[in-house]
$ cat protein-v5.txt   # compact mmCIF, C-alpha atoms
# COMPACT_ATOMS: atom_id res chain seq x y z
CA MET D 1 132.48 79.96 45.06
CA LYS D 2 130.79 83.00 46.54
CA THR D 3 127.58 82.70 48.52
CA ASP D 4 124.57 84.90 47.93
CA PRO D 5 124.77 87.74 50.45
CA ARG D 6 121.15 88.70 50.07
CA PRO D 7 119.64 86.47 52.78
CA THR D 8 121.92 87.99 55.44
CA ARG D 9 121.36 91.53 54.16
CA PHE D 10 117.60 91.11 53.93
CA ASN D 11 117.35 89.46 57.38
CA ARG D 12 119.14 92.42 58.93
CA GLU D 13 117.00 94.81 56.91
CA ASN D 14 113.85 92.92 57.94
CA LEU D 15 114.69 93.46 61.61
CA ASP D 16 115.35 97.14 61.00
CA PHE D 17 112.10 97.51 59.07
CA ALA D 18 110.13 95.66 61.78
CA LEU D 19 111.51 97.78 64.64
CA ALA D 20 111.02 101.00 62.68
CA ASN D 21 107.41 100.17 61.86
CA ILE D 22 106.59 99.20 65.47
CA LEU D 23 108.20 102.35 66.87
CA ALA D 24 106.52 104.54 64.27
CA PHE D 25 103.11 103.50 65.60
CA LYS D 26 103.79 103.02 69.34
CA PHE D 27 100.24 103.52 70.58
CA ARG D 28 98.73 101.36 67.86
CA SER D 29 101.27 98.64 68.58
CA LEU D 30 100.49 98.77 72.32
CA LEU D 31 96.76 98.42 71.70
CA THR D 32 97.43 95.57 69.32
CA ILE D 33 99.35 93.52 71.87
CA LEU D 34 97.16 94.41 74.87
CA GLY D 35 95.43 91.04 74.69
CA ILE D 36 98.83 89.33 74.58
CA ILE D 37 99.96 91.26 77.66
CA VAL D 38 96.80 90.39 79.62
CA GLY D 39 97.04 86.71 78.69
CA ILE D 40 100.71 86.42 79.61
CA VAL D 41 100.25 88.34 82.89
CA THR D 42 97.41 86.00 83.87
CA VAL D 43 99.33 82.82 83.10
CA VAL D 44 102.63 83.87 84.65
CA LEU D 45 101.11 85.46 87.77
CA VAL D 46 98.80 82.54 88.54
CA ALA D 47 101.67 80.10 87.93
CA SER D 48 103.88 82.13 90.28
CA VAL D 49 101.31 82.14 93.07
CA LEU D 50 100.45 78.47 92.66
CA VAL D 51 104.11 77.44 92.68
CA GLY D 52 104.68 79.48 95.84
CA VAL D 53 101.61 78.06 97.57
CA ARG D 54 102.48 74.52 96.52
CA ARG D 55 106.02 74.92 97.83
CA ASN D 56 104.77 76.19 101.19
CA ILE D 57 102.19 73.42 101.53
CA ALA D 58 104.78 70.80 100.62
CA LEU D 59 107.10 72.19 103.30
CA LEU D 60 104.23 72.20 105.79
CA PHE D 61 103.50 68.50 105.46
CA GLN D 62 107.08 67.43 104.92
CA GLU D 63 107.89 69.03 108.26
CA PHE D 64 105.44 66.63 109.89
CA GLY D 65 107.65 63.81 108.71
CA PRO D 66 107.71 61.52 105.66
CA ASN D 67 106.86 58.49 107.80
CA ASN D 68 103.78 59.98 109.46
CA ILE D 69 100.18 58.95 108.81
CA PHE D 70 97.29 61.21 109.82
CA ALA D 71 93.87 59.83 110.78
CA TYR D 72 90.69 61.92 110.90
CA HIS D 73 87.01 61.10 110.48
CA LEU D 74 86.36 63.77 107.81
CA ASN D 75 87.92 64.82 104.54
CA GLY D 76 90.16 67.87 104.30
CA ASP D 77 91.93 70.05 106.81
CA PRO D 78 90.76 69.32 110.39
CA GLY D 79 90.87 73.06 111.08
CA ASN D 80 88.55 73.69 108.12
CA PRO D 81 87.22 70.36 106.85
CA THR D 82 85.28 69.94 103.64
CA VAL D 83 82.31 67.99 104.92
CA LYS D 84 80.35 65.95 102.41
CA PRO D 85 76.68 65.11 103.16
CA GLU D 86 77.47 61.41 103.58
CA GLU D 87 80.08 62.27 106.25
CA LEU D 88 77.71 64.16 108.56
CA THR D 89 76.77 60.99 110.48
CA ARG D 90 80.37 59.90 111.06
CA LYS D 91 81.46 59.65 114.66
CA PRO D 92 84.74 61.36 115.57
CA LEU D 93 87.83 59.34 116.35
CA ARG D 94 88.67 58.76 120.00
CA ALA D 95 91.92 59.76 121.65
CA GLU D 96 92.42 56.29 123.15
CA PHE D 97 92.67 54.86 119.62
CA ALA D 98 96.26 56.13 119.51
CA ARG D 99 97.41 53.74 122.23
CA LEU D 100 95.37 50.87 120.80
CA LEU D 101 96.86 51.41 117.34
CA LEU D 102 100.38 51.45 118.76
CA ASP D 103 99.75 48.14 120.52
CA ALA D 104 98.09 46.46 117.52
CA CYS D 105 100.27 47.72 114.65
CA PRO D 106 103.86 46.41 114.76
CA SER D 107 104.94 48.79 111.97
CA LEU D 108 104.21 51.87 114.10
CA GLU D 109 106.99 53.59 116.02
CA ASP D 110 104.85 56.01 118.05
CA THR D 111 101.47 57.76 118.10
CA ALA D 112 100.23 61.15 119.28
CA VAL D 113 96.85 62.86 119.56
CA GLN D 114 95.73 66.41 118.84
CA ILE D 115 92.35 68.00 119.63
CA MET D 116 91.61 71.42 118.14
CA VAL D 117 89.49 73.93 120.05
CA PRO D 118 87.36 76.22 117.83
CA ASN D 119 87.99 79.96 117.90
CA LEU D 120 84.52 80.48 119.39
CA VAL D 121 83.36 78.47 122.39
CA ASP D 122 79.85 79.17 123.73
CA SER D 123 79.81 82.45 121.77
CA ARG D 124 83.04 83.70 123.37
CA ALA D 125 86.29 84.20 121.51
CA VAL D 126 89.25 82.08 122.61
CA THR D 127 92.16 84.45 123.18
CA ALA D 128 95.53 84.53 124.93
CA ARG D 129 96.51 87.39 127.24
CA TYR D 130 99.62 88.43 129.10
CA ARG D 131 99.26 91.61 131.10
CA GLY D 132 98.26 94.30 128.59
CA ALA D 133 98.97 92.21 125.48
CA GLU D 134 96.29 90.06 123.86
CA ASN D 135 96.27 87.78 120.84
CA THR D 136 92.86 87.01 119.33
CA ASN D 137 94.22 84.89 116.48
CA ILE D 138 95.32 81.81 118.39
CA GLN D 139 94.62 78.13 117.78
CA LEU D 140 94.16 76.41 121.13
CA GLN D 141 95.07 72.75 120.89
CA GLY D 142 95.24 69.89 123.30
CA ALA D 143 98.03 67.43 122.51
CA THR D 144 99.76 64.47 124.04
CA TRP D 145 103.12 65.00 125.68
CA ASN D 146 104.99 63.44 122.72
CA PHE D 147 103.26 65.46 119.98
CA ALA D 148 106.32 67.60 119.19
CA GLN D 149 108.51 64.51 118.94
CA VAL D 150 106.13 62.60 116.64
CA THR D 151 105.52 65.57 114.32
CA ASN D 152 109.14 66.80 114.24
CA ALA D 153 108.16 70.16 115.75
CA GLU D 154 111.36 71.65 117.13
CA LEU D 155 111.42 74.05 120.06
CA GLU D 156 113.19 77.38 119.83
CA SER D 157 113.51 77.44 123.60
CA GLY D 158 112.28 75.61 126.69
CA ARG D 159 110.85 72.11 126.86
CA ALA D 160 107.66 70.17 126.23
CA TYR D 161 105.49 69.03 129.11
CA THR D 162 106.03 65.45 130.27
CA ARG D 163 103.76 62.41 130.26
CA GLU D 164 103.28 62.80 134.01
CA GLU D 165 102.42 66.50 133.68
CA GLU D 166 99.86 65.65 131.03
CA ARG D 167 98.36 62.87 133.17
CA ARG D 168 97.83 65.16 136.17
CA ARG D 169 96.51 68.00 133.96
CA ALA D 170 99.29 70.45 134.80
CA LYS D 171 98.48 74.01 133.63
CA LEU D 172 101.38 74.22 131.19
CA CYS D 173 101.56 75.33 127.57
CA LEU D 174 103.75 75.61 124.48
CA LEU D 175 103.50 78.68 122.25
CA GLY D 176 103.76 79.00 118.50
CA ALA D 177 106.28 81.51 117.17
CA ASN D 178 103.67 84.15 116.29
CA VAL D 179 101.90 83.93 119.64
CA ALA D 180 105.17 84.20 121.56
CA ALA D 181 106.24 87.23 119.50
CA SER D 182 102.92 89.02 120.04
CA LEU D 183 102.70 88.42 123.81
CA PHE D 184 106.42 88.61 124.57
CA PRO D 185 108.18 90.96 122.12
CA GLY D 186 111.30 90.76 124.24
CA GLY D 187 111.52 86.99 123.84
CA ASP D 188 111.23 86.20 127.55
CA ALA D 189 108.19 83.90 127.43
CA LEU D 190 109.57 80.96 129.44
CA GLY D 191 108.14 80.68 132.93
CA LYS D 192 105.56 83.42 132.37
CA ASN D 193 101.88 82.90 133.14
CA ILE D 194 99.33 83.65 130.40
CA VAL D 195 95.54 83.49 130.45
CA VAL D 196 93.95 81.39 127.70
CA ASP D 197 90.14 81.20 127.64
CA GLY D 198 89.98 82.08 131.33
CA VAL D 199 92.62 79.57 132.51
CA LEU D 200 96.11 80.44 133.75
CA TYR D 201 98.92 78.49 132.07
CA THR D 202 102.70 78.58 132.56
CA VAL D 203 104.80 78.73 129.39
CA THR D 204 107.35 75.91 129.28
CA GLY D 205 108.47 76.18 125.65
CA VAL D 206 108.28 78.12 122.36
CA PHE D 207 108.18 76.40 118.96
CA GLN D 208 110.47 77.38 116.12
CA LYS D 209 108.77 79.24 113.31
CA ARG D 210 107.47 76.82 110.70
CA LYS D 211 108.76 76.99 107.15
CA GLY D 212 105.62 76.12 105.19
CA GLY D 213 101.92 76.86 105.39
CA PHE D 214 98.67 77.59 103.56
CA TRP D 215 98.82 80.88 101.61
CA GLY D 216 101.92 81.84 103.51
CA GLU D 217 100.39 81.15 106.94
CA ASN D 218 101.14 78.14 109.14
CA ARG D 219 98.53 77.45 111.78
CA GLN D 220 101.15 75.92 114.05
CA ASP D 221 102.79 79.35 114.40
CA ASN D 222 99.57 80.57 116.06
CA VAL D 223 99.13 77.59 118.36
CA VAL D 224 98.78 77.52 122.11
CA MET D 225 99.33 73.85 122.95
CA VAL D 226 98.22 72.50 126.33
CA PRO D 227 98.06 68.95 127.74
CA LEU D 228 95.42 66.78 126.06
CA LYS D 229 93.77 65.85 129.36
CA ILE D 230 92.94 69.51 130.07
CA VAL D 231 91.17 69.96 126.74
CA GLU D 232 89.28 66.68 127.18
CA MET D 233 88.11 67.86 130.61
CA ARG D 234 87.22 71.46 129.67
CA TYR D 235 85.75 70.79 126.20
CA PRO D 236 84.27 67.26 126.35
CA ASP D 237 82.12 67.65 123.22
CA LEU D 238 84.85 68.47 120.73
CA GLU D 239 85.02 66.24 117.64
CA THR D 240 88.27 67.47 116.09
CA VAL D 241 90.39 64.53 117.22
CA VAL D 242 93.37 63.89 114.93
CA LEU D 243 95.70 60.93 115.30
CA TYR D 244 99.35 61.27 114.27
CA CYS D 245 101.00 57.91 113.74
CA GLN D 246 104.72 57.58 113.06
CA ALA D 247 105.71 54.51 111.07
CA ARG D 248 109.00 52.73 111.53
CA PRO D 249 111.64 53.62 108.92
CA GLY D 250 110.75 52.03 105.58
CA ALA D 251 107.48 50.57 106.90
CA ARG D 252 104.96 53.30 106.10
CA SER D 253 102.98 51.24 103.57
CA ALA D 254 102.70 48.33 106.00
CA ALA D 255 101.75 50.71 108.83
CA PHE D 256 99.08 52.29 106.61
CA ASP D 257 97.44 48.91 105.94
CA GLU D 258 97.69 47.86 109.59
CA MET D 259 96.13 51.12 110.77
CA GLU D 260 93.30 50.88 108.28
CA GLY D 261 92.44 47.34 109.37
CA GLU D 262 92.65 48.15 113.09
CA LEU D 263 90.59 51.35 112.82
CA ARG D 264 87.91 49.49 110.91
CA ARG D 265 87.83 46.90 113.69
CA LEU D 266 87.70 49.55 116.42
CA ARG D 267 84.82 51.31 114.68
CA GLY D 268 82.92 48.07 114.12
CA LEU D 269 82.85 48.17 110.32
CA GLY D 270 81.81 45.12 108.34
CA ALA D 271 83.74 43.75 105.38
CA ASP D 272 81.24 45.27 102.92
CA GLU D 273 81.15 48.72 104.56
CA GLU D 274 83.24 51.67 103.48
CA SER D 275 85.73 53.19 105.90
CA ASP D 276 84.26 56.09 107.88
CA PHE D 277 87.62 57.78 108.42
CA ILE D 278 90.44 59.20 106.32
CA LEU D 279 94.09 58.14 106.41
CA SER D 280 96.52 60.59 104.84
CA THR D 281 100.25 60.92 104.34
CA ALA D 282 102.33 63.91 103.32
CA ASP D 283 102.63 62.48 99.79
CA SER D 284 98.90 61.92 99.38
CA ILE D 285 98.03 65.41 100.64
CA ILE D 286 100.58 67.01 98.35
CA GLY D 287 99.17 64.91 95.50
CA GLN D 288 95.69 66.30 96.20
CA ILE D 289 97.10 69.82 96.17
CA ASP D 290 98.78 69.10 92.85
CA ARG D 291 95.48 67.95 91.35
CA ILE D 292 93.73 71.10 92.54
CA THR D 293 96.62 73.18 91.21
CA MET D 294 96.33 71.46 87.84
CA LEU D 295 92.61 72.30 87.66
CA VAL D 296 93.29 75.95 88.51
CA GLN D 297 96.07 76.12 85.93
CA THR D 298 93.83 74.56 83.29
CA GLY D 299 91.12 77.13 84.00
CA THR D 300 93.68 79.91 83.91
CA LEU D 301 95.05 78.71 80.56
CA ALA D 302 91.52 78.69 79.15
CA ILE D 303 90.88 82.25 80.32
CA SER D 304 94.26 83.56 79.22
CA GLY D 305 93.83 81.76 75.91
CA LEU D 306 90.96 84.13 75.14
CA GLY D 307 93.29 87.08 75.73
CA LEU D 308 95.92 85.53 73.48
CA LEU D 309 93.29 84.83 70.80
CA VAL D 310 92.10 88.43 70.91
CA GLY D 311 95.70 89.59 70.76
CA GLY D 312 96.45 87.27 67.86
CA VAL D 313 93.44 88.49 65.86
CA GLY D 314 94.51 92.06 66.56
CA VAL D 315 97.99 91.30 65.28
CA MET D 316 96.57 89.75 62.12
CA ASN D 317 94.35 92.76 61.46
CA ILE D 318 97.17 95.21 62.02
CA MET D 319 99.54 93.23 59.80
CA LEU D 320 96.91 93.06 57.02
CA MET D 321 96.49 96.82 57.33
CA SER D 322 100.26 97.20 57.23
CA VAL D 323 100.44 95.14 54.04
CA THR D 324 97.88 97.43 52.40
CA GLN D 325 99.64 100.59 53.59
CA ARG D 326 103.05 99.36 52.46
CA THR D 327 102.09 97.91 49.08
CA ARG D 328 104.38 100.29 47.19
CA GLU D 329 107.24 99.52 49.60
CA ILE D 330 106.76 95.82 48.91
CA GLY D 331 106.78 96.52 45.17
CA VAL D 332 110.03 98.50 45.45
CA ARG D 333 111.69 95.73 47.48
CA LYS D 334 110.67 93.12 44.93
CA ALA D 335 111.86 95.34 42.09
CA VAL D 336 115.37 95.55 43.58
CA GLY D 337 115.66 91.80 44.07
CA ALA D 338 113.73 90.77 47.19
CA ARG D 339 112.32 87.26 46.90
CA ARG D 340 109.01 85.98 48.21
CA ARG D 341 110.62 84.35 51.21
CA ASP D 342 112.31 87.65 52.11
CA ILE D 343 108.94 89.41 52.16
CA VAL D 344 107.40 86.56 54.17
CA TRP D 345 110.17 86.74 56.74
CA GLN D 346 109.91 90.54 56.88
CA PHE D 347 106.27 90.47 57.95
CA LEU D 348 106.58 87.31 60.07
CA LEU D 349 109.47 88.89 61.93
CA GLU D 350 107.48 92.05 62.53
CA ALA D 351 104.47 90.11 63.86
CA ALA D 352 106.64 87.86 66.06
CA LEU D 353 108.63 90.84 67.33
CA LEU D 354 105.41 92.67 68.17
CA THR D 355 103.96 89.80 70.19
CA THR D 356 107.32 89.02 71.81
CA ILE D 357 107.42 92.58 73.09
CA GLY D 358 103.93 91.93 74.47
CA GLY D 359 105.25 88.77 76.15
CA ILE D 360 108.18 90.66 77.68
CA LEU D 361 105.84 93.35 78.99
CA GLY D 362 103.47 90.68 80.34
CA VAL D 363 106.24 88.81 82.16
CA THR D 364 107.62 92.08 83.56
CA ILE D 365 104.21 93.21 84.83
CA ALA D 366 103.55 89.78 86.36
CA GLY D 367 106.92 89.95 88.12
CA LEU D 368 106.15 93.41 89.52
CA ILE D 369 102.75 92.26 90.79
CA GLY D 370 104.49 89.24 92.35
CA LEU D 371 106.89 91.56 94.18
CA ILE D 372 103.95 93.60 95.47
CA LEU D 373 102.23 90.42 96.68
CA ALA D 374 105.42 89.30 98.41
CA TRP D 375 105.65 92.71 100.08
CA PHE D 376 102.18 92.38 101.61
CA VAL D 377 102.43 88.61 102.23
CA PRO D 378 106.12 87.91 102.97
CA ASN D 379 105.54 84.18 103.47
CA LEU D 380 103.99 83.80 100.02
CA PRO D 381 106.75 83.74 97.40
CA ALA D 382 105.31 84.83 94.06
CA ALA D 383 108.45 85.10 91.93
CA PRO D 384 107.77 83.88 88.37
CA PRO D 385 109.25 80.40 87.88
CA ALA D 386 111.67 80.03 84.97
CA TRP D 387 109.36 77.63 83.10
CA ALA D 388 106.47 80.14 83.27
CA VAL D 389 108.67 82.96 81.96
CA CYS D 390 110.04 80.83 79.11
CA SER D 391 106.57 79.50 78.28
CA GLY D 392 105.09 83.00 78.29
CA LEU D 393 107.73 84.33 75.92
CA GLY D 394 107.55 81.24 73.73
CA VAL D 395 103.76 81.33 73.46
CA SER D 396 103.72 85.06 72.69
CA THR D 397 106.25 84.58 69.89
CA ALA D 398 104.30 81.59 68.53
CA VAL D 399 101.10 83.68 68.46
CA GLY D 400 102.88 86.29 66.35
CA LEU D 401 104.18 83.68 63.92
CA LEU D 402 100.81 81.94 63.68
CA PHE D 403 98.62 85.00 63.21
CA GLY D 404 101.21 86.83 61.13
CA LEU D 405 101.54 84.02 58.58
CA TRP D 406 98.55 84.91 56.39
CA PRO D 407 99.43 88.64 56.12
CA ALA D 408 103.03 87.67 55.34
CA VAL D 409 101.95 85.26 52.60
CA LYS D 410 99.54 87.84 51.19
CA ALA D 411 102.35 90.41 51.05
CA ALA D 412 104.70 87.94 49.36
CA ARG D 413 102.14 87.14 46.63
CA LEU D 414 101.73 90.76 45.54
CA ASP D 415 102.71 91.37 41.93
CA PRO D 416 105.59 93.88 41.89
CA VAL D 417 104.18 95.76 38.86
CA ASP D 418 100.73 96.15 40.42
CA ALA D 419 102.31 97.03 43.76
CA LEU D 420 104.36 99.83 42.21
CA ARG D 421 101.21 101.24 40.59
CA TYR D 422 99.28 101.15 43.90
CA GLU D 423 98.19 104.54 45.26

$ encode --input "protein-v5.txt" --output "structure tokens"
Amino acid sequence: MKTDPRPTRFNRENLDFALANILAFKFRSLLTILGIIVGIVTVVLVASVLVGVRRNIALLFQEFGPNNIFAYHLNGDPGNPTVKPEELTRKPLRAEFARLLLDACPSLEDTAVQIMVPNLVDSRAVTARYRGAENTNIQLQGATWNFAQVTNAELESGRAYTREEERRRAKLCLLGANVAASLFPGGDALGKNIVVDGVLYTVTGVFQKRKGGFWGENRQDNVVMVPLKIVEMRYPDLETVVLYCQARPGARSAAFDEMEGELRRLRGLGADEESDFILSTADSIIGQIDRITMLVQTGTLAISGLGLLVGGVGVMNIMLMSVTQRTREIGVRKAVGARRRDIVWQFLLEAALLTTIGGILGVTIAGLIGLILAWFVPNLPAAPPAWAVCSGLGVSTAVGLLFGLWPAVKAARLDPVDALRYE
């Protein structure tokens, strides 16, 4: 029994007709899918940037260690905290809490302290100088001798200062990778004396370059780390005290609860009072970033949806115009045996092909913009993720099918006799 060859022949003819019609009106087709292109570029580009930022931030906190718990008296990044009105009266944490927590919490392995010095102190900029070279983009930090060990910060060269050197306030420092590269392009930083905020320090070690960061930048790469006792002596009024507590393997949840209870006791909080400090882990911080990312993506989808809606309406209008212009063609096709479903598929295919081309152009443009961003910000990968590319192409095709359905049905319902008489 022979099968009807018409579906295969008409499907191939439909594709030929669709491509011919699109190419015959290139400029009109481009204007029609402009909204599709804008919508897809917006979605794919924002997704690319957010995925890159999220990956870098995840690396940043994962480097600190999966078993670490961070304590601070305010919400957000200690270098740039988001201070709520109810937090303004909170007292900063004290450096001695680290030792007290280690003694009181059996689930803790070790603790370290970090105090950040602002970039401006008494209206003067905090900079690092070595002979004729100067770096004005440093982050001066005071840290305990074991900070690198607790936070898994590996040294590229040299050593960290010792507990004894910290106790006697030895003028020693560790340099982040960016600071070392700017002051010592030849890589010979060890043993050299640099001036930081008017004080002479000897470089004992250089940190490896960090893998992650915020927007491609990791603050630890710009750090000049000196013994905690020096910062406490020189800047006694600083409130940016951060505690880094390393839990024993498999005991992070228990350590978290123990720390919370002990900090509440140390700060004299009653049972009915809320905690006036924040405990964070790498997982919780990454979770917060994911929630922010989701909000940004939702807003982006809403904005890009307008572009896709405009593009879809444009496609519908153009396809309705095409139906009117090609009424006689439709009549001829029906007269030689084309069925309604063949006409429907002809116009649906043309609409879907048109918007799919818009999706391909949108994805391509987003990829090119991502490459340009990566050129200017090498640490910010903005390559379109596979799911964003597939979603962009899928959505663009779906828009064509959805908004091309009514014109296709209208074309299929035309009476062949009336269509042949149409002028």

$ residues_around --input "protein-v5.txt" --residues "segment 298-307 of chain D" --least-positions-apart "3" --cutoff "9 Å" --atoms "only C-alpha atoms" --output "JSON list (two decimals) with C-alpha atoms, keeping the file's coordinate frame"
[["chain", "number", "residue", "atom", "x", "y", "z"],
["D", 34, "LEU", "CA", 97.16, 94.41, 74.87],
["D", 35, "GLY", "CA", 95.43, 91.04, 74.69],
["D", 36, "ILE", "CA", 98.83, 89.33, 74.58],
["D", 37, "ILE", "CA", 99.96, 91.26, 77.66],
["D", 38, "VAL", "CA", 96.80, 90.39, 79.62],
["D", 39, "GLY", "CA", 97.04, 86.71, 78.69],
["D", 40, "ILE", "CA", 100.71, 86.42, 79.61],
["D", 41, "VAL", "CA", 100.25, 88.34, 82.89],
["D", 42, "THR", "CA", 97.41, 86.00, 83.87],
["D", 43, "VAL", "CA", 99.33, 82.82, 83.10],
["D", 46, "VAL", "CA", 98.80, 82.54, 88.54],
["D", 47, "ALA", "CA", 101.67, 80.10, 87.93],
["D", 293, "THR", "CA", 96.62, 73.18, 91.21],
["D", 294, "MET", "CA", 96.33, 71.46, 87.84],
["D", 295, "LEU", "CA", 92.61, 72.30, 87.66],
["D", 310, "VAL", "CA", 92.10, 88.43, 70.91],
["D", 311, "GLY", "CA", 95.70, 89.59, 70.76],
["D", 312, "GLY", "CA", 96.45, 87.27, 67.86]]

$ residues_around --input "protein-v5.txt" --residues "segment 159-164 of chain D" --least-positions-apart "3" --cutoff "9 Å" --atoms "only C-alpha atoms" --output "VMD selection string"
chain D and resid 144 to 148 155 167 to 170 172 to 174 204 to 206 226 to 227

$ closest_residue --input "protein-v5.txt" --among "D:Leu402, D:Ala412, D:Ala98, D:Arg131" --to "Arg333 of chain D" --atoms "only C-alpha atoms"
D:Ala412

$ closest_residue --input "protein-v5.txt" --among "D:Ile289, D:Ile69, D:Ala254, D:Leu414" --to "Leu50 of chain D" --atoms "only C-alpha atoms"
D:Ile289

$ atom_distance --input "protein-v5.txt" --atom1 "atom CA of Leu320 of chain D" --atom2 "atom CA of Leu405 of chain D"
10.3 Å

$ atom_distance --input "protein-v5.txt" --atom1 "atom CA of Leu183 of chain D" --atom2 "atom CA of Glu134 of chain D"
6.6 Å

$ closest_residue --input "protein-v5.txt" --among "D:Ala383, D:Ile330, D:Met259, D:Leu175" --to "Leu108 of chain D" --atoms "all atoms listed in the file"
D:Met259

$ atom_distance --input "protein-v5.txt" --atom1 "atom CA of Gln346 of chain D" --atom2 "atom CA of Ala388 of chain D"
28.6 Å

$ residues_around --input "protein-v5.txt" --residues "segment 350-366 of chain D" --least-positions-apart "6" --cutoff "7 Å" --atoms "all atoms listed in the file" --output "list of chain:residue names"
D:Ala18, D:Ile33, D:Ile36, D:Ile37, D:Val38, D:Ile40, D:Val41, D:Val44, D:Leu45, D:Val315, D:Val389, D:Gly392, D:Leu393, D:Ser396, D:Thr397, D:Val399, D:Gly400, D:Leu401, D:Gly404
